[in-house]
Structures are given as C-alpha cells and as structure tokens.
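Colleague: What follows is target17.cif; its format and atoms are mmCIF, C-alpha atoms.
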```
data_upload
#
loop_
_atom_site.label_atom_id
_atom_site.label_comp_id
_atom_site.auth_asym_id
_atom_site.auth_seq_id
_atom_site.Cartn_x
_atom_site.Cartn_y
_atom_site.Cartn_z
CA MET A 1 -4.21 6.56 -0.77
CA PRO A 2 -6.21 9.71 -1.54
CA GLY A 3 -7.39 12.25 1.05
CA LEU A 4 -6.14 13.69 4.29
CA VAL A 5 -5.31 11.57 7.32
CA THR A 6 -4.60 12.64 10.89
CA VAL A 7 -1.31 11.62 12.46
CA LYS A 8 -1.89 9.52 15.55
CA LYS A 9 1.70 8.48 16.26
CA VAL A 10 5.04 8.86 14.50
CA LEU A 11 6.84 5.54 14.81
CA ASN A 12 9.96 6.64 12.94
CA ASN A 13 10.97 8.92 10.06
CA ASN A 14 9.38 6.59 7.51
CA VAL A 15 6.40 5.07 9.34
CA VAL A 16 3.33 6.82 10.74
CA ILE A 17 0.16 5.54 12.36
CA ALA A 18 -2.79 7.72 11.35
CA GLU A 19 -6.57 7.99 11.59
CA HIS A 20 -8.36 7.47 8.28
CA PRO A 21 -12.07 8.30 7.78
CA ASP A 22 -12.78 4.96 6.06
CA TYR A 23 -10.23 2.53 7.49
CA ASP A 24 -9.91 3.83 11.06
CA GLU A 25 -6.27 3.25 12.08
CA VAL A 26 -3.79 2.81 9.23
CA VAL A 27 -0.02 2.44 8.95
CA LEU A 28 1.57 4.74 6.35
CA ILE A 29 5.01 4.09 4.92
CA GLY A 30 7.10 6.53 2.89
CA LYS A 31 10.59 8.00 2.89
CA GLY A 32 10.70 10.90 5.35
CA LEU A 33 6.92 10.73 5.86
CA GLY A 34 7.16 11.00 9.64
CA PHE A 35 10.01 13.51 9.81
CA GLY A 36 9.02 16.51 11.92
CA LYS A 37 5.36 15.43 12.14
CA GLN A 38 3.33 15.72 15.34
CA ALA A 39 0.26 13.86 16.63
CA GLY A 40 -2.93 15.59 15.48
CA GLU A 41 -1.32 17.01 12.34
CA GLU A 42 -2.96 16.31 8.98
CA ILE A 43 -0.97 14.87 6.08
CA ALA A 44 -1.90 13.94 2.53
CA GLY A 45 -2.33 10.21 2.04
CA GLU A 46 -0.90 10.55 -1.48
CA HIS A 47 2.54 11.14 0.03
CA ALA A 48 2.64 7.58 1.36
CA GLU A 49 4.37 4.99 -0.81
CA LYS A 50 2.34 2.27 0.89
CA PHE A 51 -0.32 1.92 3.53
CA PHE A 52 -1.92 -1.01 5.25
CA VAL A 53 -4.60 -1.62 7.82
CA LEU A 54 -3.94 -3.70 10.91
CA ARG A 55 -7.56 -4.25 11.91
CA ASP A 56 -6.75 -6.53 14.79
CA GLU A 57 -5.92 -4.51 17.91
CA LYS A 58 -3.37 -7.09 19.05
CA GLU A 59 -1.54 -6.85 15.71
CA GLN A 60 -1.51 -3.05 15.95
CA GLU A 61 0.20 -3.28 19.33
CA GLN A 62 2.61 -5.96 18.05
CA TYR A 63 3.64 -3.75 15.13
CA LYS A 64 4.14 -0.72 17.39
CA SER A 65 6.30 -2.70 19.82
CA LEU A 66 8.21 -4.30 16.93
CA LEU A 67 9.25 -0.86 15.68
CA GLU A 68 10.74 -0.09 19.08
CA TYR A 69 13.46 -2.74 18.72
CA VAL A 70 13.81 -3.16 14.92
CA ASP A 71 15.88 -0.41 13.30
CA GLU A 72 14.51 1.78 10.49
CA ASP A 73 16.78 0.37 7.78
CA PHE A 74 15.55 -3.16 8.48
CA ILE A 75 11.90 -2.00 8.43
CA THR A 76 12.50 -0.23 5.12
CA LEU A 77 14.15 -3.34 3.66
CA MET A 78 11.23 -5.53 4.82
CA ASN A 79 8.64 -3.14 3.38
CA GLU A 80 10.45 -3.21 0.03
CA GLU A 81 10.55 -7.03 0.09
CA ILE A 82 6.85 -7.31 0.93
CA GLU A 83 6.05 -4.94 -1.93
CA ARG A 84 8.18 -7.08 -4.27
CA LEU A 85 6.28 -10.18 -3.16
CA GLU A 86 2.94 -8.52 -3.94
CA ASP A 87 4.24 -7.52 -7.37
CA LYS A 88 5.61 -11.02 -8.02
CA PHE A 89 2.38 -12.79 -7.10
CA ARG A 90 0.14 -9.95 -8.37
CA SER A 91 -1.81 -10.25 -5.18
CA SER A 92 -2.23 -8.44 -1.88
CA LEU A 93 -0.68 -10.22 1.07
CA ASN A 94 -2.38 -10.56 4.41
CA GLU A 95 -1.24 -7.53 6.40
CA HIS A 96 -0.02 -9.74 9.25
CA ILE A 97 3.12 -10.44 7.20
CA HIS A 98 4.34 -6.95 8.19
CA VAL A 99 4.39 -8.16 11.79
CA GLY A 100 5.10 -11.89 11.45
CA LEU A 101 7.82 -12.01 8.81
CA THR A 102 9.56 -8.81 9.96
CA ASP A 103 9.79 -10.07 13.54
CA HIS A 104 10.83 -13.57 12.45
CA LEU A 105 13.56 -12.42 10.06
CA PHE A 106 14.94 -9.78 12.43
CA PHE A 107 15.65 -12.42 15.09
CA ALA A 108 16.80 -14.97 12.51
CA VAL A 109 19.40 -12.50 11.22
CA LYS A 110 20.52 -11.78 14.81
CA ARG A 111 20.98 -15.51 15.48
CA LEU A 112 22.97 -15.95 12.26
CA GLN A 113 25.17 -12.96 13.09
CA GLN A 114 25.92 -14.57 16.45
CA GLY A 115 27.00 -17.75 14.69
CA HIS A 116 23.96 -19.88 15.53
CA GLY A 117 22.68 -22.37 12.95
CA ILE A 118 19.07 -22.79 11.87
CA LYS A 119 17.56 -26.27 11.62
CA ASN A 120 14.40 -27.01 9.65
CA PRO A 121 13.29 -30.66 9.66
CA PHE A 122 10.44 -29.88 7.24
CA LEU A 123 12.47 -28.14 4.52
CA SER A 124 12.02 -30.79 1.84
CA GLU A 125 8.24 -31.01 2.35
CA THR A 126 7.95 -27.21 2.36
CA GLU A 127 9.90 -26.77 -0.88
CA LEU A 128 7.82 -29.41 -2.68
CA ALA A 129 4.48 -28.23 -1.34
CA TYR A 130 4.95 -24.53 -2.15
CA PRO A 131 7.48 -24.25 -5.04
CA GLN A 132 6.55 -20.69 -6.10
CA GLU A 133 6.68 -19.35 -2.56
CA TYR A 134 9.98 -21.18 -2.03
CA GLN A 135 11.51 -19.55 -5.11
CA ALA A 136 10.32 -16.13 -3.87
CA ALA A 137 11.95 -16.87 -0.50
CA VAL A 138 15.23 -17.80 -2.24
CA GLU A 139 15.21 -14.46 -4.09
CA LEU A 140 14.43 -12.59 -0.86
CA ALA A 141 17.36 -14.34 0.84
CA GLU A 142 19.70 -13.33 -1.99
CA ARG A 143 18.70 -9.68 -1.63
CA PHE A 144 19.21 -9.89 2.15
CA ASP A 145 22.72 -11.17 1.48
CA GLU A 146 23.39 -8.17 -0.79
CA ALA A 147 21.88 -5.63 1.63
CA LEU A 148 23.15 -6.98 4.97
CA GLY A 149 26.09 -9.18 3.94
CA ILE A 150 24.60 -12.24 5.62
CA ARG A 151 23.83 -15.54 3.96
CA ILE A 152 20.36 -16.89 4.76
CA PRO A 153 20.63 -20.72 4.97
CA GLU A 154 18.22 -23.15 3.32
CA GLY A 155 16.49 -24.01 6.58
CA GLU A 156 15.54 -20.37 7.11
CA ILE A 157 14.38 -20.08 3.48
CA GLY A 158 11.89 -22.85 4.33
CA PHE A 159 10.48 -20.81 7.23
CA ILE A 160 10.22 -17.68 5.02
CA THR A 161 8.33 -19.81 2.48
CA LEU A 162 5.69 -20.69 5.08
CA HIS A 163 5.24 -17.02 6.02
CA ILE A 164 4.76 -16.10 2.35
CA HIS A 165 2.28 -18.94 1.77
CA SER A 166 0.36 -18.00 4.91
CA ALA A 167 0.07 -14.36 3.77
CA LEU A 168 -0.92 -15.32 0.22
CA THR A 169 -3.67 -17.73 1.25
CA ASN A 170 -4.89 -15.84 4.35
CA ARG A 171 -4.26 -18.99 6.34
CA ASP A 172 -2.95 -18.77 9.88
CA LEU A 173 0.78 -19.54 10.02
CA SER A 174 0.25 -22.07 12.82
CA GLU A 175 -2.17 -23.97 10.56
CA VAL A 176 0.32 -23.97 7.66
CA ASN A 177 3.00 -25.23 10.07
CA ARG A 178 0.74 -27.98 11.40
CA HIS A 179 -0.04 -29.21 7.88
CA THR A 180 3.65 -29.22 6.89
CA GLN A 181 4.53 -31.20 10.03
CA LEU A 182 1.67 -33.62 9.35
CA VAL A 183 2.97 -34.32 5.83
CA SER A 184 6.46 -34.93 7.25
CA GLU A 185 5.05 -37.33 9.86
CA LEU A 186 3.09 -39.28 7.21
CA VAL A 187 6.22 -39.64 5.04
CA LYS A 188 8.21 -40.93 8.05
CA ARG A 189 5.45 -43.48 8.77
CA ILE A 190 5.84 -44.85 5.24
CA GLU A 191 9.63 -45.10 5.70
CA THR A 192 9.28 -46.86 9.07
CA TYR A 193 6.57 -49.25 7.85
CA PHE A 194 8.61 -50.44 4.86
CA GLU A 195 12.04 -49.88 6.47
CA ILE A 196 13.18 -47.67 3.60
CA SER A 197 14.74 -44.24 3.22
CA ILE A 198 12.87 -42.37 0.49
CA ASN A 199 14.99 -40.47 -2.01
CA ARG A 200 13.91 -36.83 -1.58
CA LYS A 201 14.86 -36.10 -5.22
CA ASP A 202 12.65 -38.84 -6.63
CA ILE A 203 9.68 -37.72 -8.76
CA ASN A 204 7.39 -40.14 -6.89
CA TYR A 205 8.29 -38.47 -3.60
CA LEU A 206 7.43 -35.08 -5.11
CA ARG A 207 4.05 -36.44 -6.26
CA LEU A 208 3.37 -38.00 -2.86
CA VAL A 209 4.08 -34.79 -0.93
CA ARG A 210 1.97 -32.67 -3.26
CA HIS A 211 -0.84 -35.18 -3.06
CA LEU A 212 -0.73 -35.22 0.76
CA ASN A 213 -0.91 -31.42 0.86
CA HIS A 214 -3.88 -31.35 -1.53
CA ALA A 215 -5.56 -34.15 0.42
CA ILE A 216 -5.20 -32.21 3.69
CA GLU A 217 -6.67 -29.11 2.03
CA ARG A 218 -9.59 -31.14 0.63
CA VAL A 219 -10.33 -32.60 4.06
CA GLU A 220 -10.11 -29.17 5.72
CA ASN A 221 -12.43 -27.67 3.08
CA GLU A 222 -14.64 -30.78 3.04
CA THR A 223 -14.38 -31.11 -0.75
CA TYR A 224 -14.32 -34.87 -0.92
CA ALA A 225 -13.21 -37.05 -3.83
CA GLU A 226 -15.65 -39.32 -5.66
CA ASN A 227 -16.39 -42.79 -4.35
CA GLN A 228 -13.86 -45.43 -5.58
CA ASP A 229 -15.21 -48.63 -4.02
CA ASN A 230 -14.52 -50.90 -7.00
CA LEU A 231 -10.90 -49.78 -7.32
CA LEU A 232 -10.45 -50.07 -3.55
CA LYS A 233 -11.22 -53.80 -3.69
CA VAL A 234 -8.74 -54.34 -6.53
CA LEU A 235 -5.95 -52.48 -4.71
CA GLN A 236 -6.66 -54.34 -1.48
CA THR A 237 -5.93 -57.60 -3.32
CA GLU A 238 -3.03 -56.34 -5.48
CA TYR A 239 -1.12 -54.27 -2.88
CA PRO A 240 -2.28 -55.39 0.58
CA LEU A 241 0.64 -53.84 2.51
CA CYS A 242 0.32 -50.45 0.78
CA TYR A 243 -3.45 -50.62 1.16
CA ASN A 244 -3.25 -51.32 4.91
CA LEU A 245 -0.74 -48.53 5.42
CA SER A 246 -2.94 -46.06 3.54
CA TRP A 247 -5.71 -46.63 6.10
CA LYS A 248 -3.25 -46.13 8.98
CA LEU A 249 -2.16 -42.80 7.42
CA MET A 250 -5.78 -41.76 6.95
CA LYS A 251 -6.45 -42.46 10.63
CA ILE A 252 -3.53 -40.19 11.59
CA MET A 253 -4.86 -37.45 9.30
CA GLN A 254 -8.31 -37.80 10.82
CA GLN A 255 -6.94 -37.52 14.37
CA ARG A 256 -4.78 -34.47 13.58
CA LEU A 257 -7.36 -32.60 11.51
CA GLN A 258 -10.37 -33.63 13.57
CA LYS A 259 -12.32 -34.19 10.35
CA LYS A 260 -13.47 -37.22 8.40
CA VAL A 261 -11.10 -38.44 5.69
CA PRO A 262 -13.14 -40.00 2.82
CA ASP A 263 -12.63 -43.68 1.99
CA ALA A 264 -11.71 -42.75 -1.60
CA GLU A 265 -8.47 -41.27 -0.26
CA ALA A 266 -7.23 -44.84 0.35
CA VAL A 267 -7.13 -45.39 -3.42
CA TYR A 268 -4.84 -42.46 -4.14
CA LEU A 269 -2.62 -43.08 -1.12
CA THR A 270 -2.22 -46.77 -1.96
CA LEU A 271 -1.13 -45.94 -5.51
CA HIS A 272 1.34 -43.27 -4.35
CA ILE A 273 2.81 -45.57 -1.70
CA GLN A 274 3.11 -48.43 -4.20
CA ARG A 275 5.05 -46.20 -6.64
CA ILE A 276 7.39 -45.08 -3.86
CA VAL A 277 8.05 -48.62 -2.57
CA SER A 278 8.46 -50.06 -6.08
CA GLY A 279 10.95 -47.30 -6.98
CA GLU A 280 12.96 -47.81 -3.78
CA GLN A 281 13.13 -51.59 -4.34
CA LYS A 282 14.49 -51.06 -7.87
CA ARG A 283 17.12 -48.67 -6.47
CA ILE A 284 18.45 -51.24 -4.00
#
```
Would you put the structure from the file into structure tokens?

Modeller:
Amino acid sequence: MPGLVTVKKVLNNNVVIAEHPDYDEVVLIGKGLGFGKQAGEEIAGEHAEKFFVLRDEKEQEQYKSLLEYVDEDFITLMNEEIERLEDKFRSSLNEHIHVGLTDHLFFAVKRLQQGHGIKNPFLSETELAYPQEYQAAVELAERFDEALGIRIPEGEIGFITLHIHSALTNRDLSEVNRHTQLVSELVKRIETYFEISINRKDINYLRLVRHLNHAIERVENETYAENQDNLLKVLQTEYPLCYNLSWKLMKIMQQRLQKKVPDAEAVYLTLHIQRIVSGEQKRI
C-alpha cells in the first residue's frame, strides 16, 4: 500500500489501525510494524505486508476486541492462512473473514485443547457442496496441526469450509449455514418418505446435493429454469411417488427461502430422487 498513513492505534507489535487518505480506517499487518509506534505517528504503507479495510464500524470494534484476547502468534498464523487462501483461489476474500474465522478457530482450538469434541451434522452436505473450499480447509487444518500440535477434526473442517465459502462469495455466513441446513433437511425428508438410509458415498447422492445447492442459489437469484410441462406429465405417470415428494420438497424450499420455486424444478428433483431410490433398492 503506497503512501503515508497515520497511526490511530497500535493493537500489537504486528498489527496497527491507521488513518488512510483514501480508505479512512485501515488495518495494517507486518512483522514488527507496531513496535514502538505511537498514535499520531506517520508510517509508510509500503512497510505493511498486508492491509485490509473493515468498513463496517461494528466489525472494526469486533476486530479490536478480538485482538485483546487472541494472542499475537495466533493472529499471525491466521493472517498467513488467509493470505494462503487468497493465493490459492486467486481472489480477494471478504474482509470479515479476519474477524469471523479468527474468532471461530481460536475458540474451537481452546475447546479441543480442553478435550471437548466438535459435532457437525451437516459435514457431508458441506463437503459435497463446496469441494474446493473443503480441500482448502483440510490443508489449513494440517498446517494448524504442525504449528500448534492440535488435530482439527472433520466436523470443524466443515465449519471452516463454510467460512471460506462465505468470504469467497461475499455471502453472509448465516445465509450459507441456512442453505446447508436446508439441503440436509431435504435429504432427510427423502430418507423418511422412502424409509431408506442414503449411502453418503454414492454418486447419485453427490449429484442430488449439488443439484439442491444450485437450485437454492437459482431461487435466491431468481434465475429460473425453462418450463418443462411436457416432461412433468410423463414423470407424474412414471414415478408418482418421487413426483409427489418433489413437490413436498419444493414447498419446504419455498417456505424457508420465502421465494417462489419454479414448477420446472419438480422435473429435476423427481429424476434425482428416482435415481437415489432405484440405487438404494438395488443395494438391498
């Protein structure tokens, strides 16, 4: 970051909050950047290894308070990991990840060190929906193990995945969580309706979960699929149970998302459900 900035607050030896002429308040990160610095002092932006803007006042306060209880080594490790993620995806991450993921992982590590387990009922759906983010989370967990000597379990890797996806897509984490939970609920409805237990390793399950995620995104963005009335009538006759269930699932989606789900979605859902049920019956 070129130009001079004015130190507003030194948070620790490596992190400084400063006034910037173009970005207002910025967070600067760099080894020893804050050492011996005082409020009001000018420093060269070029000395920072990284800077980011927390435009939201609430996030600024959250980050400041976070640095009061998270030690410098952990902050440094997190900043390195976030930089790695940006390099891996060749994309800037939403700056909230500096607050959200740092806070989340700090307390997750504390719980693990105290011997508490971490449960994640949506792990399978998360891994299938966001495979690239999941792989990045696995790699992050491995580096945490090397740096801190603590093994991050699979359930926690699922939560890290959601944070990464949220930051990559600029979607609110609560929205990403809601969609993941909705997919899980829809899958359970299929299992209950047909009294089956779907094999989570089956290729048809993978296709179903990815389709449900894309369908939710299409509904949210109101990019509807083309009309499929003729095929709908055929499927209603050929696979009446799957067809009826598809409409029940669409009603749930509509209630949760508070948006219209197009009729054409019944075609795709019916076909996915039929493949799942047919595969499970062959397995028995």

Colleague: Using all atoms listed in the file, which residues of segment 112-159 of chain A come within 10 Å of segment 195-202 of chain A, and what is the closest atom pair for each, with the distance in Å to one decimal? Give it as CSV, sorted by chain and residue number.

Modeller:
```
residue,atom,partner,partner_atom,distance
A:Ser124,CA,A:Arg200,CA,7.2
A:Glu125,CA,A:Arg200,CA,9.0
A:Leu128,CA,A:Arg200,CA,9.7
```

Colleague: The selected residues should be written to file as a tab-separated table (two decimals), in the frame of the given file (atoms: C-alpha atoms).

Modeller:
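Dumped everything to selection.tsv:
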```tsv
chain	number	residue	atom	x	y	z
A	124	SER	CA	12.02	-30.79	1.84
A	125	GLU	CA	8.24	-31.01	2.35
A	128	LEU	CA	7.82	-29.41	-2.68
```

Colleague: Using the chain letters and numbers from the file, which residues does the PyMOL selection byres ((chain A and resi 243) around 12) grab, as number ranges by chain?

Modeller: A: 190, 231-242, 244-250, 263-274

Colleague: Find the residue from A:Leu140, A:Ala167, A:Leu206, A:Ile150 that sits nearest to Met78 of chain A; use all atoms listed in the file when measuring.

Modeller: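 That would be A:Leu140, the residue with the smallest distance to Met78 of chain A.
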
Colleague: Which residue out of A:Leu4, A:Asp103, A:Glu81, A:Glu185 has the minimum interatomic distance to Val138 of chain A when only C-alpha atoms are used?

Modeller: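 Between A:Leu4, A:Asp103, A:Glu81, A:Glu185, the residue approaching Val138 of chain A most closely is A:Glu81.
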
Colleague: Please identify all polymer residues within 8 Å of segment 31-48 of chain A, counting only C-alpha atoms, omitting same-chain residues fewer than 4 positions from it, and present them as JSON, numbers by chain.

Modeller: {"A": [1, 2, 3, 4, 5, 6, 7, 8, 9, 10, 11, 12, 13, 14, 15, 16]}

Colleague: Return as a list in words the set of residues that the PyMOL selection byres ((chain A and resi 208) around 9) yields on the displayed structure.

Modeller: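 Selected by the PyMOL selection byres ((chain A and resi 208) around 9) in this file: Val187, Ile203, Asn204, Tyr205, Leu206, Arg207, Val209, Arg210, His211, Leu212, Asn213, Leu269, His272, Ile273 and Ile276 of chain A.
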
Colleague: Could you take the residues named above and write them with C-alpha atoms, as a PDB file, in the coordinates of the input?

Modeller:
```pdb
ATOM      1  CA  VAL A 187       6.220 -39.640   5.040  1.00  0.00           C
ATOM      2  CA  ILE A 203       9.680 -37.720  -8.760  1.00  0.00           C
ATOM      3  CA  ASN A 204       7.390 -40.140  -6.890  1.00  0.00           C
ATOM      4  CA  TYR A 205       8.290 -38.470  -3.600  1.00  0.00           C
ATOM      5  CA  LEU A 206       7.430 -35.080  -5.110  1.00  0.00           C
ATOM      6  CA  ARG A 207       4.050 -36.440  -6.260  1.00  0.00           C
ATOM      7  CA  VAL A 209       4.080 -34.790  -0.930  1.00  0.00           C
ATOM      8  CA  ARG A 210       1.970 -32.670  -3.260  1.00  0.00           C
ATOM      9  CA  HIS A 211      -0.840 -35.180  -3.060  1.00  0.00           C
ATOM     10  CA  LEU A 212      -0.730 -35.220   0.760  1.00  0.00           C
ATOM     11  CA  ASN A 213      -0.910 -31.420   0.860  1.00  0.00           C
ATOM     12  CA  LEU A 269      -2.620 -43.080  -1.120  1.00  0.00           C
ATOM     13  CA  HIS A 272       1.340 -43.270  -4.350  1.00  0.00           C
ATOM     14  CA  ILE A 273       2.810 -45.570  -1.700  1.00  0.00           C
ATOM     15  CA  ILE A 276       7.390 -45.080  -3.860  1.00  0.00           C
TER      16      ILE A 276
END
```

Colleague: Place a sphere of radius 12 Å on (-3.8, -16.6, 2.3) in the file coordinates and name every protein, DNA or RNA residue with an atom inside or on its surface, counting only C-alpha atoms; give the answer as a list of chain:residue names.

Modeller: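 Here the neighbourhood of the point contains A:Phe89, A:Ser91, A:Ser92, A:Leu93, A:Asn94, A:Glu95, A:His96, A:Ile97, A:Glu133, A:Leu162, A:His163, A:Ile164, A:His165, A:Ser166, A:Ala167, A:Leu168, A:Thr169, A:Asn170, A:Arg171, A:Asp172, A:Leu173, A:Glu175, A:Val176.
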
Colleague: Nearest to Asp71 of chain A: which of A:Pro121, A:Phe106, A:Glu280, A:Asn177 is it, counting only C-alpha atoms?

Modeller: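 Comparing A:Pro121, A:Phe106, A:Glu280, A:Asn177 against Asp71 of chain A, the winner is A:Phe106.
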
Colleague: Taking (-6.6, 5.8, 13.3) in the file's coordinates as the center, which residues reach within 10 Å of it, counting all atoms listed in the file, put as JSON, numbers by chain?

Modeller: {"A": [5, 6, 7, 8, 9, 17, 18, 19, 20, 21, 22, 23, 24, 25, 26, 27, 53]}

Colleague: Identify all residues satisfying the PyMOL selection byres ((chain A and resi 136) around 10) in the given file; provide them as an MDAnalysis selection string.

Modeller: chainID A and resid 81 84:85 88:89 131:135 137:142 157 160:161 164

Colleague: What does the distance from atom CA of Tyr69 of chain A to atom CA of Glu86 of chain A come to in Å, to one decimal?

Modeller: 25.6 Å

Colleague: Report the distance between atom CA of Asn120 of chain A and atom CA of Glu156 of chain A in Å, rounded to one decimal place.

Modeller: 7.2 Å

Colleague: For Glu146 of chain A, which residue out of A:Leu101, A:Leu77, A:Leu112, A:Leu28 is the nearest one, using all atoms listed in the file?

Modeller: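 For Glu146 of chain A, the nearest of the given residues is A:Leu77.
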
Colleague: Which is closest to Glu222 of chain A among A:Leu67, A:Leu257, A:Leu54, A:Ile82, if we use all atoms listed in the file?

Modeller: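 Under the stated criterion, the closest residue is A:Leu257.
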
Colleague: Can you pull out the residues contacting Gly117 of chain A? Cut-off 12 Å, using only C-alpha atoms, and skip same-chain residues under 5 positions away; I want them as a ChimeraX atom specification.

Modeller: /A:108-112,151-156

Colleague: Could you take the residues named above and write them with C-alpha atoms, as a PDB file, in the frame of the given file?

Modeller:
```
ATOM      1  CA  ALA A 108      16.800 -14.970  12.510  1.00  0.00           C
ATOM      2  CA  VAL A 109      19.400 -12.500  11.220  1.00  0.00           C
ATOM      3  CA  LYS A 110      20.520 -11.780  14.810  1.00  0.00           C
ATOM      4  CA  ARG A 111      20.980 -15.510  15.480  1.00  0.00           C
ATOM      5  CA  LEU A 112      22.970 -15.950  12.260  1.00  0.00           C
ATOM      6  CA  ARG A 151      23.830 -15.540   3.960  1.00  0.00           C
ATOM      7  CA  ILE A 152      20.360 -16.890   4.760  1.00  0.00           C
ATOM      8  CA  PRO A 153      20.630 -20.720   4.970  1.00  0.00           C
ATOM      9  CA  GLU A 154      18.220 -23.150   3.320  1.00  0.00           C
ATOM     10  CA  GLY A 155      16.490 -24.010   6.580  1.00  0.00           C
ATOM     11  CA  GLU A 156      15.540 -20.370   7.110  1.00  0.00           C
TER      12      GLU A 156
END
```

Colleague: To one decimal place in Å, what is the distance between atom CA of Gln62 of chain A and atom CA of Gly100 of chain A?

Modeller: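 According to the coordinates, atom CA of Gln62 of chain A and atom CA of Gly100 of chain A are separated by 9.2 Å.
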
Colleague: Return segment 56-75 of chain A, completed with N, CA, C and O atoms, as a PDB file, in the frame of the given file.

Modeller:
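Okay, part34.pdb is ready:
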```pdb
ATOM      1  N   ASP A  56      -6.789  -5.876  13.499  1.00  0.00           N
ATOM      2  CA  ASP A  56      -6.750  -6.530  14.790  1.00  0.00           C
ATOM      3  C   ASP A  56      -5.953  -5.685  15.784  1.00  0.00           C
ATOM      4  O   ASP A  56      -4.804  -5.313  15.525  1.00  0.00           O
ATOM      5  N   GLU A  57      -6.565  -5.385  16.921  1.00  0.00           N
ATOM      6  CA  GLU A  57      -5.920  -4.510  17.910  1.00  0.00           C
ATOM      7  C   GLU A  57      -4.613  -5.101  18.429  1.00  0.00           C
ATOM      8  O   GLU A  57      -3.632  -4.383  18.648  1.00  0.00           O
ATOM      9  N   LYS A  58      -4.580  -6.418  18.576  1.00  0.00           N
ATOM     10  CA  LYS A  58      -3.370  -7.090  19.050  1.00  0.00           C
ATOM     11  C   LYS A  58      -2.237  -6.907  18.048  1.00  0.00           C
ATOM     12  O   LYS A  58      -1.081  -6.657  18.427  1.00  0.00           O
ATOM     13  N   GLU A  59      -2.563  -7.026  16.751  1.00  0.00           N
ATOM     14  CA  GLU A  59      -1.540  -6.850  15.710  1.00  0.00           C
ATOM     15  C   GLU A  59      -1.033  -5.413  15.680  1.00  0.00           C
ATOM     16  O   GLU A  59       0.140  -5.170  15.431  1.00  0.00           O
ATOM     17  N   GLN A  60      -1.924  -4.454  15.905  1.00  0.00           N
ATOM     18  CA  GLN A  60      -1.510  -3.050  15.950  1.00  0.00           C
ATOM     19  C   GLN A  60      -0.460  -2.853  17.049  1.00  0.00           C
ATOM     20  O   GLN A  60       0.571  -2.214  16.828  1.00  0.00           O
ATOM     21  N   GLU A  61      -0.733  -3.425  18.206  1.00  0.00           N
ATOM     22  CA  GLU A  61       0.200  -3.280  19.330  1.00  0.00           C
ATOM     23  C   GLU A  61       1.510  -4.018  19.046  1.00  0.00           C
ATOM     24  O   GLU A  61       2.587  -3.538  19.393  1.00  0.00           O
ATOM     25  N   GLN A  62       1.404  -5.189  18.394  1.00  0.00           N
ATOM     26  CA  GLN A  62       2.610  -5.960  18.050  1.00  0.00           C
ATOM     27  C   GLN A  62       3.493  -5.164  17.096  1.00  0.00           C
ATOM     28  O   GLN A  62       4.718  -5.147  17.245  1.00  0.00           O
ATOM     29  N   TYR A  63       2.862  -4.506  16.114  1.00  0.00           N
ATOM     30  CA  TYR A  63       3.640  -3.750  15.130  1.00  0.00           C
ATOM     31  C   TYR A  63       4.301  -2.543  15.795  1.00  0.00           C
ATOM     32  O   TYR A  63       5.455  -2.223  15.512  1.00  0.00           O
ATOM     33  N   LYS A  64       3.578  -1.883  16.688  1.00  0.00           N
ATOM     34  CA  LYS A  64       4.140  -0.720  17.390  1.00  0.00           C
ATOM     35  C   LYS A  64       5.343  -1.137  18.242  1.00  0.00           C
ATOM     36  O   LYS A  64       6.383  -0.469  18.241  1.00  0.00           O
ATOM     37  N   SER A  65       5.198  -2.256  18.956  1.00  0.00           N
ATOM     38  CA  SER A  65       6.300  -2.700  19.820  1.00  0.00           C
ATOM     39  C   SER A  65       7.469  -3.200  18.975  1.00  0.00           C
ATOM     40  O   SER A  65       8.639  -3.011  19.336  1.00  0.00           O
ATOM     41  N   LEU A  66       7.174  -3.808  17.838  1.00  0.00           N
ATOM     42  CA  LEU A  66       8.210  -4.300  16.930  1.00  0.00           C
ATOM     43  C   LEU A  66       9.106  -3.156  16.464  1.00  0.00           C
ATOM     44  O   LEU A  66      10.319  -3.290  16.385  1.00  0.00           O
ATOM     45  N   LEU A  67       8.492  -2.005  16.180  1.00  0.00           N
ATOM     46  CA  LEU A  67       9.250  -0.860  15.680  1.00  0.00           C
ATOM     47  C   LEU A  67      10.113  -0.207  16.752  1.00  0.00           C
ATOM     48  O   LEU A  67      10.947   0.632  16.459  1.00  0.00           O
ATOM     49  N   GLU A  68       9.907  -0.628  17.989  1.00  0.00           N
ATOM     50  CA  GLU A  68      10.740  -0.090  19.080  1.00  0.00           C
ATOM     51  C   GLU A  68      12.097  -0.777  19.136  1.00  0.00           C
ATOM     52  O   GLU A  68      13.064  -0.218  19.630  1.00  0.00           O
ATOM     53  N   TYR A  69      12.165  -2.040  18.643  1.00  0.00           N
ATOM     54  CA  TYR A  69      13.460  -2.740  18.720  1.00  0.00           C
ATOM     55  C   TYR A  69      14.055  -3.070  17.350  1.00  0.00           C
ATOM     56  O   TYR A  69      15.206  -3.472  17.251  1.00  0.00           O
ATOM     57  N   VAL A  70      13.283  -2.914  16.269  1.00  0.00           N
ATOM     58  CA  VAL A  70      13.810  -3.160  14.920  1.00  0.00           C
ATOM     59  C   VAL A  70      14.197  -1.813  14.308  1.00  0.00           C
ATOM     60  O   VAL A  70      13.395  -0.886  14.285  1.00  0.00           O
ATOM     61  N   ASP A  71      15.421  -1.704  13.801  1.00  0.00           N
ATOM     62  CA  ASP A  71      15.880  -0.410  13.300  1.00  0.00           C
ATOM     63  C   ASP A  71      15.201  -0.050  11.973  1.00  0.00           C
ATOM     64  O   ASP A  71      14.676  -0.913  11.254  1.00  0.00           O
ATOM     65  N   GLU A  72      15.224   1.240  11.653  1.00  0.00           N
ATOM     66  CA  GLU A  72      14.510   1.780  10.490  1.00  0.00           C
ATOM     67  C   GLU A  72      14.956   1.157   9.174  1.00  0.00           C
ATOM     68  O   GLU A  72      14.147   0.884   8.297  1.00  0.00           O
ATOM     69  N   ASP A  73      16.268   0.935   9.041  1.00  0.00           N
ATOM     70  CA  ASP A  73      16.780   0.370   7.780  1.00  0.00           C
ATOM     71  C   ASP A  73      16.214  -1.018   7.533  1.00  0.00           C
ATOM     72  O   ASP A  73      15.880  -1.375   6.398  1.00  0.00           O
ATOM     73  N   PHE A  74      16.087  -1.800   8.609  1.00  0.00           N
ATOM     74  CA  PHE A  74      15.550  -3.160   8.480  1.00  0.00           C
ATOM     75  C   PHE A  74      14.067  -3.096   8.106  1.00  0.00           C
ATOM     76  O   PHE A  74      13.600  -3.852   7.253  1.00  0.00           O
ATOM     77  N   ILE A  75      13.330  -2.178   8.744  1.00  0.00           N
ATOM     78  CA  ILE A  75      11.900  -2.000   8.430  1.00  0.00           C
ATOM     79  C   ILE A  75      11.731  -1.599   6.967  1.00  0.00           C
ATOM     80  O   ILE A  75      10.868  -2.123   6.254  1.00  0.00           O
TER      81      ILE A  75
END
```
